Amino acid sequence: MPENILQHIQLPKDIRLLKHRDLTQLAQELRQIIIDVVATKEGHLGASLGVIELTIALHYVFNTPEDLLLWDVGHQAYGHKILTGRKDIFHTNRQLKGISGFPKREESEYDAFGVGHSSTSISATLGMAIASKLKGEIKHHIAVIGDASIASGMAFEGLNHAGVTDANLLVILNDNAIGIDPSVGALKQYLTNVKKGTQKQDNIFEALNFDYSGPIDGHDINILISELERLKTVKGPKLLHVITTKGKGLKQAENDQVKYHAPGKFDAKTGDLAIKPNKIEPPKYQDVFGYTIVELAKENKNIVGITPAMPTGSSLKYMMDEMPNRAFDVGIAEQHAVTMAAGMATQGLIPFCNIYSTFLQRAYDQIIHDVAIQKLPVIFCLDRAGLVGEDGATHHGVFDLSYLRCIPNLIIFAPRNEVELRNIMYTAQLGLKQPLAIRYPRGRGVTIDWKQPFSKIDIGKGVTLKKGQNLAVLSIGTIAKNVAAAIKNLDVSHYDMRFAKPLDEGLLHNIFKTYYTVFTVEDHTIKGGFGSAVLEFASENGYKNRIKTLGIPDDFVEHGSVDELQALIGLDAESLYSFIKQFS
Ligand SMILES: Cc1ncc(C[n+]2csc(CCOP(=O)(O)OP(=O)(O)O)c2C)c(N)n1
Ligand SMILES: CC(=O)[C@@H](O)[C@H](O)COP(=O)(O)O
Ligand SMILES: [Mg+2]
């Protein structure tokens, strides 16, 4: 047996030359390289460690890339990346100009479908299987999907359709009983019962016309290989139920699966998390949201909280812990979350529906049809608005202003700092008669002393942050920090407009009458965003001022740290300074 098997593997064809007995060693080596790289470069850990044996078995049995292998979400595909030609560049994972943290078609022919958002794999794989049939091509089409992702509406839609086709489709349910946080819902209970062997009779997947097999041990390569070989001979839609442990092979990751989903830096040898320097920092916006909703809910019994599968990420967990019957994790179900919030609002509850900006894209019709048309006072908290960093193009929350601004009845606010976030949350629960969206970014803000007494925010009113002579800079949200740094020594005015809708028209008239040159700055795509709203205002009111809109260009922004990405697109303080200085 060679000392290091992985060094001989560039592509899956090399794995297929190995003896079964060498595959277990390959699994160990694969785990180690993932642990070593993620320990220093950060990224998703637990999910990839949990599917190492499955990844090897799939590439061993199937003829990838001709056979099409799709990973749902794609945060578990690090082993797949390493085994499909990216071993030597895996250390660039999620880094600026490096490989993506998710499968991506332009990165490799082995990445059959681009992912990042969950529950798309069954539909996409079915589409490919139907295409193969129409083209007369004989191949296998495999979707690997987790237990939390298969519980989403979109996955059910795919299963429901696939079950009445004869498409050659294999769905592998990777059941580790957890998403980022523990899986929720009746399906989770059902899968637990299947594992106990109590519900074999009424198999939900068989009822949907799938050939069901399992549950099998997803860490036993030999069992996996023999079952996959058998399934290769079975025609039509099939589902293999595989039981795995998230974080497998790293003790701490197995024991604290939530933390080690994406643990940040840690010690590759001991598995211990890196110790953060003990310095006083401003809080994360997420924590401000989490603590504030608890504070408000203690006083206002009508407040409820909703998250689709992100209790830890959003910090709604604080409310779930303190008030379990008023805070709801509904699973990966953004559409349901929004419409359930609408239903609650009809009955006088005050729902704070916290959804990452990028995931709210899933629930667009629900925002319009179920909330806005009926003018229901749902409070949308759009976490991760703006550039999110290393997750990249699939996760940047840079479209919300555009997709929300065109919806009648909806108020849109972006806090400049933590205090503003608290105050708008306070204002929102005082008796709004229409829906409100609050967008705020991932991570820390600027105010250490954030827990100040609440004060009411006037809807549709901006604020003047600095007065100057030469021109006016209008910003919205937390990008105000970069603007303030950029104009520190320039003789220009700075306004925090706060509301993308309704605009503060009084203030805008004032600004347009005072300054010839007006800049808008936003951590959002320029097209259709806050700057567009200001342009519309100027045009509707006949202003001929010089207006420059700064924000994210009409392109998908890749991965990298937020600072790197801002510098790349000219939204860092230095670039803003250079740009504004030319006109001031
Ligand atoms: C539409 C959407 N909502 C939420 C998320 C955030 N998210 C990423 S992974 C994940 C949990 C996935 O759990 P599961 O499918 O069981 O896979 P595992 O991590 O256990 O391998 C969630 C909620 C997402 N990527 N897409
Ligand atoms: C894969 C996925 O969608 C999540 O794991 C996401 O990466 C979480 O992002 P945050 O780290 O910003 O919560
Ligand atoms: Mg899972």
# chains A, B, ... in the order shown; residues from 1 in each chain; ligands from 1
call {"tool": "residues_near_ligand", "arguments": {"ligand": "ligand 3", "cutoff": "8 Å", "atoms": "only C-alpha atoms and all ligand atoms", "output": "MDAnalysis selection string"}}
result
chainID A and resid 47 146:149 174:180 183 246
call {"tool": "closest_atom_pairs", "arguments": {"of": "chain A", "to": "ligand 2", "cutoff": "6 Å", "atoms": "only C-alpha atoms and all ligand atoms", "output": "JSON lines"}}
result
{"residue": "A:His75", "atom": "CA", "partner": "ligand 2", "partner_atom_place_in_ligand_line": "1 (C)", "distance": 5.2}
{"residue": "A:Gly116", "atom": "CA", "partner": "ligand 2", "partner_atom_place_in_ligand_line": "3 (O)", "distance": 5.8}
{"residue": "A:His117", "atom": "CA", "partner": "ligand 2", "partner_atom_place_in_ligand_line": "3 (O)", "distance": 5.9}
{"residue": "A:Gly313", "atom": "CA", "partner": "ligand 2", "partner_atom_place_in_ligand_line": "13 (O)", "distance": 4.5}
{"residue": "A:Asp391", "atom": "CA", "partner": "ligand 2", "partner_atom_place_in_ligand_line": "7 (O)", "distance": 5.8}
call {"tool": "closest_residue", "arguments": {"among": "A:Ala207, A:Leu360, A:Ile552, A:Ala337", "to": "ligand 1", "atoms": "only C-alpha atoms and all ligand atoms"}}
result
A:Leu360
call {"tool": "select_by_dssp", "arguments": {"residues": "range 462-546 of chain A", "states": "strand (DSSP E)", "output": "number ranges by chain"}}
result
A: 463-466, 472-475, 493-496, 499-501, 517-525, 546
call {"tool": "residues_around", "arguments": {"residues": "range 247-260 of chain A", "least_positions_apart": "3", "cutoff": "10 Å", "atoms": "only C-alpha atoms", "output": "PDB file with C-alpha atoms, in the first residue's frame"}}
result
ATOM      1  CA  ALA A  27     -10.755   8.839   3.307  1.00  0.00           C
ATOM      2  CA  GLN A  28      -8.425   9.584   6.201  1.00  0.00           C
ATOM      3  CA  ARG A  31     -10.263  14.415   5.932  1.00  0.00           C
ATOM      4  CA  GLN A  32      -6.853  15.616   7.009  1.00  0.00           C
ATOM      5  CA  ILE A  35      -9.082  19.958   8.339  1.00  0.00           C
ATOM      6  CA  GLY A  43     -14.968  27.819   5.617  1.00  0.00           C
ATOM      7  CA  HIS A  44     -17.556  25.070   6.006  1.00  0.00           C
ATOM      8  CA  LEU A  45     -16.161  22.102   7.878  1.00  0.00           C
ATOM      9  CA  GLY A  46     -18.661  19.684   9.385  1.00  0.00           C
ATOM     10  CA  ALA A  47     -20.668  18.970   6.249  1.00  0.00           C
ATOM     11  CA  SER A  48     -17.641  17.992   4.144  1.00  0.00           C
ATOM     12  CA  LEU A  49     -16.158  15.820   6.893  1.00  0.00           C
ATOM     13  CA  GLY A  50     -19.462  13.966   7.079  1.00  0.00           C
ATOM     14  CA  VAL A  51     -19.571  12.915   3.423  1.00  0.00           C
ATOM     15  CA  ILE A  52     -15.972  11.841   2.824  1.00  0.00           C
ATOM     16  CA  ASN A 176     -27.154  13.548   9.718  1.00  0.00           C
ATOM     17  CA  ILE A 178     -28.930  18.447  11.546  1.00  0.00           C
ATOM     18  CA  GLY A 179     -28.826  21.471   9.278  1.00  0.00           C
ATOM     19  CA  ILE A 180     -26.757  24.373  10.534  1.00  0.00           C
ATOM     20  CA  ASP A 181     -28.864  24.111  13.670  1.00  0.00           C
ATOM     21  CA  PRO A 182     -30.763  20.947  14.609  1.00  0.00           C
ATOM     22  CA  HIS A 219     -19.201   5.890   6.736  1.00  0.00           C
ATOM     23  CA  THR A 244     -23.798  10.044   8.470  1.00  0.00           C
ATOM     24  CA  PRO A 263     -16.023  27.271  12.838  1.00  0.00           C
ATOM     25  CA  GLY A 264     -13.638  30.012  11.760  1.00  0.00           C
ATOM     26  CA  PHE A 266      -9.064  26.432  14.767  1.00  0.00           C
ATOM     27  CA  ALA A 268      -5.833  21.519  13.114  1.00  0.00           C
ATOM     28  CA  LYS A 269      -4.121  19.163  15.572  1.00  0.00           C
ATOM     29  CA  THR A 270      -6.346  19.567  18.624  1.00  0.00           C
ATOM     30  CA  GLY A 271      -9.503  20.793  16.897  1.00  0.00           C
ATOM     31  CA  ASP A 272      -9.807  23.607  19.459  1.00  0.00           C
ATOM     32  CA  LEU A 273     -11.217  26.889  18.236  1.00  0.00           C
ATOM     33  CA  THR A 312     -27.790  30.805  15.325  1.00  0.00           C
TER      34      THR A 312
END
call {"tool": "closest_residue", "arguments": {"among": "A:Ala155, A:Leu26, A:Leu68, A:Ile142", "to": "ligand 1", "atoms": "only C-alpha atoms and all ligand atoms"}}
result
A:Ala155
call {"tool": "residues_around", "arguments": {"residues": "Ala151 in chain A", "least_positions_apart": "3", "cutoff": "9 Å", "atoms": "only C-alpha atoms", "output": "PyMOL selection string"}}
result
chain A and resi 119+146-148+154-156+184-185+187-188+331-333
call {"tool": "closest_residue", "arguments": {"among": "A:Ser493, A:Glu522, A:Thr514, A:Glu390", "to": "Leu96 in chain A", "atoms": "only C-alpha atoms"}}
result
A:Glu390
call {"tool": "select_by_dssp", "arguments": {"residues": "range 405-577 of chain A", "states": "alpha helix (DSSP H)", "output": "count of residues only"}}
result
52
call {"tool": "residues_around", "arguments": {"residues": "range 458-462 of chain A", "least_positions_apart": "2", "cutoff": "8 Å", "atoms": "only C-alpha atoms", "output": "NGL selection string"}}
result
:A and (456 or 464 or 495-499 or 501-504 or 507)
call {"tool": "atom_distance", "arguments": {"atom1": "CA of Ala327 in chain A", "atom2": "CA of Gly305 in chain A"}}
result
4.4 Å
call {"tool": "atom_distance", "arguments": {"atom1": "CA of Leu296 in chain A", "atom2": "CA of Tyr426 in chain A"}}
result
7.0 Å
call {"tool": "closest_atom_pairs", "arguments": {"of": "range 367-411 of chain A", "to": "range 427-438 of chain A", "cutoff": "6 Å", "atoms": "only C-alpha atoms", "output": "CSV"}}
result
residue,atom,partner,partner_atom,distance
A:Lys375,CA,A:Gln434,CA,4.9
A:Leu376,CA,A:Gln434,CA,5.3
A:Pro377,CA,A:Pro435,CA,4.1
A:Val378,CA,A:Pro435,CA,4.8
A:Ile379,CA,A:Leu436,CA,5.0
A:Phe380,CA,A:Ala437,CA,4.5
A:Cys381,CA,A:Ile438,CA,5.0
A:Leu382,CA,A:Ile438,CA,5.8
A:Leu410,CA,A:Pro435,CA,5.2
A:Ile411,CA,A:Leu436,CA,4.6
call {"tool": "atom_distance", "arguments": {"atom1": "CA of Lys527 in chain A", "atom2": "CA of Thr120 in chain A"}}
result
26.9 Å
call {"tool": "residues_around", "arguments": {"residues": "Val234 in chain A", "least_positions_apart": "3", "cutoff": "9 Å", "atoms": "only C-alpha atoms", "output": "list of chain:residue names"}}
result
A:Asn168, A:Asp211, A:Arg230, A:Leu231, A:Pro237, A:Lys238
call {"tool": "residues_around", "arguments": {"residues": "Ser402 in chain A", "least_positions_apart": "2", "cutoff": "9 Å", "atoms": "only C-alpha atoms", "output": "MDAnalysis selection string"}}
result
chainID A and resid 398:400 404:406 524:530 532
call {"tool": "closest_residue", "arguments": {"among": "A:Ile275, A:Val473, A:Leu565, A:Val463", "to": "Val388 in chain A", "atoms": "only C-alpha atoms"}}
result
A:Leu565
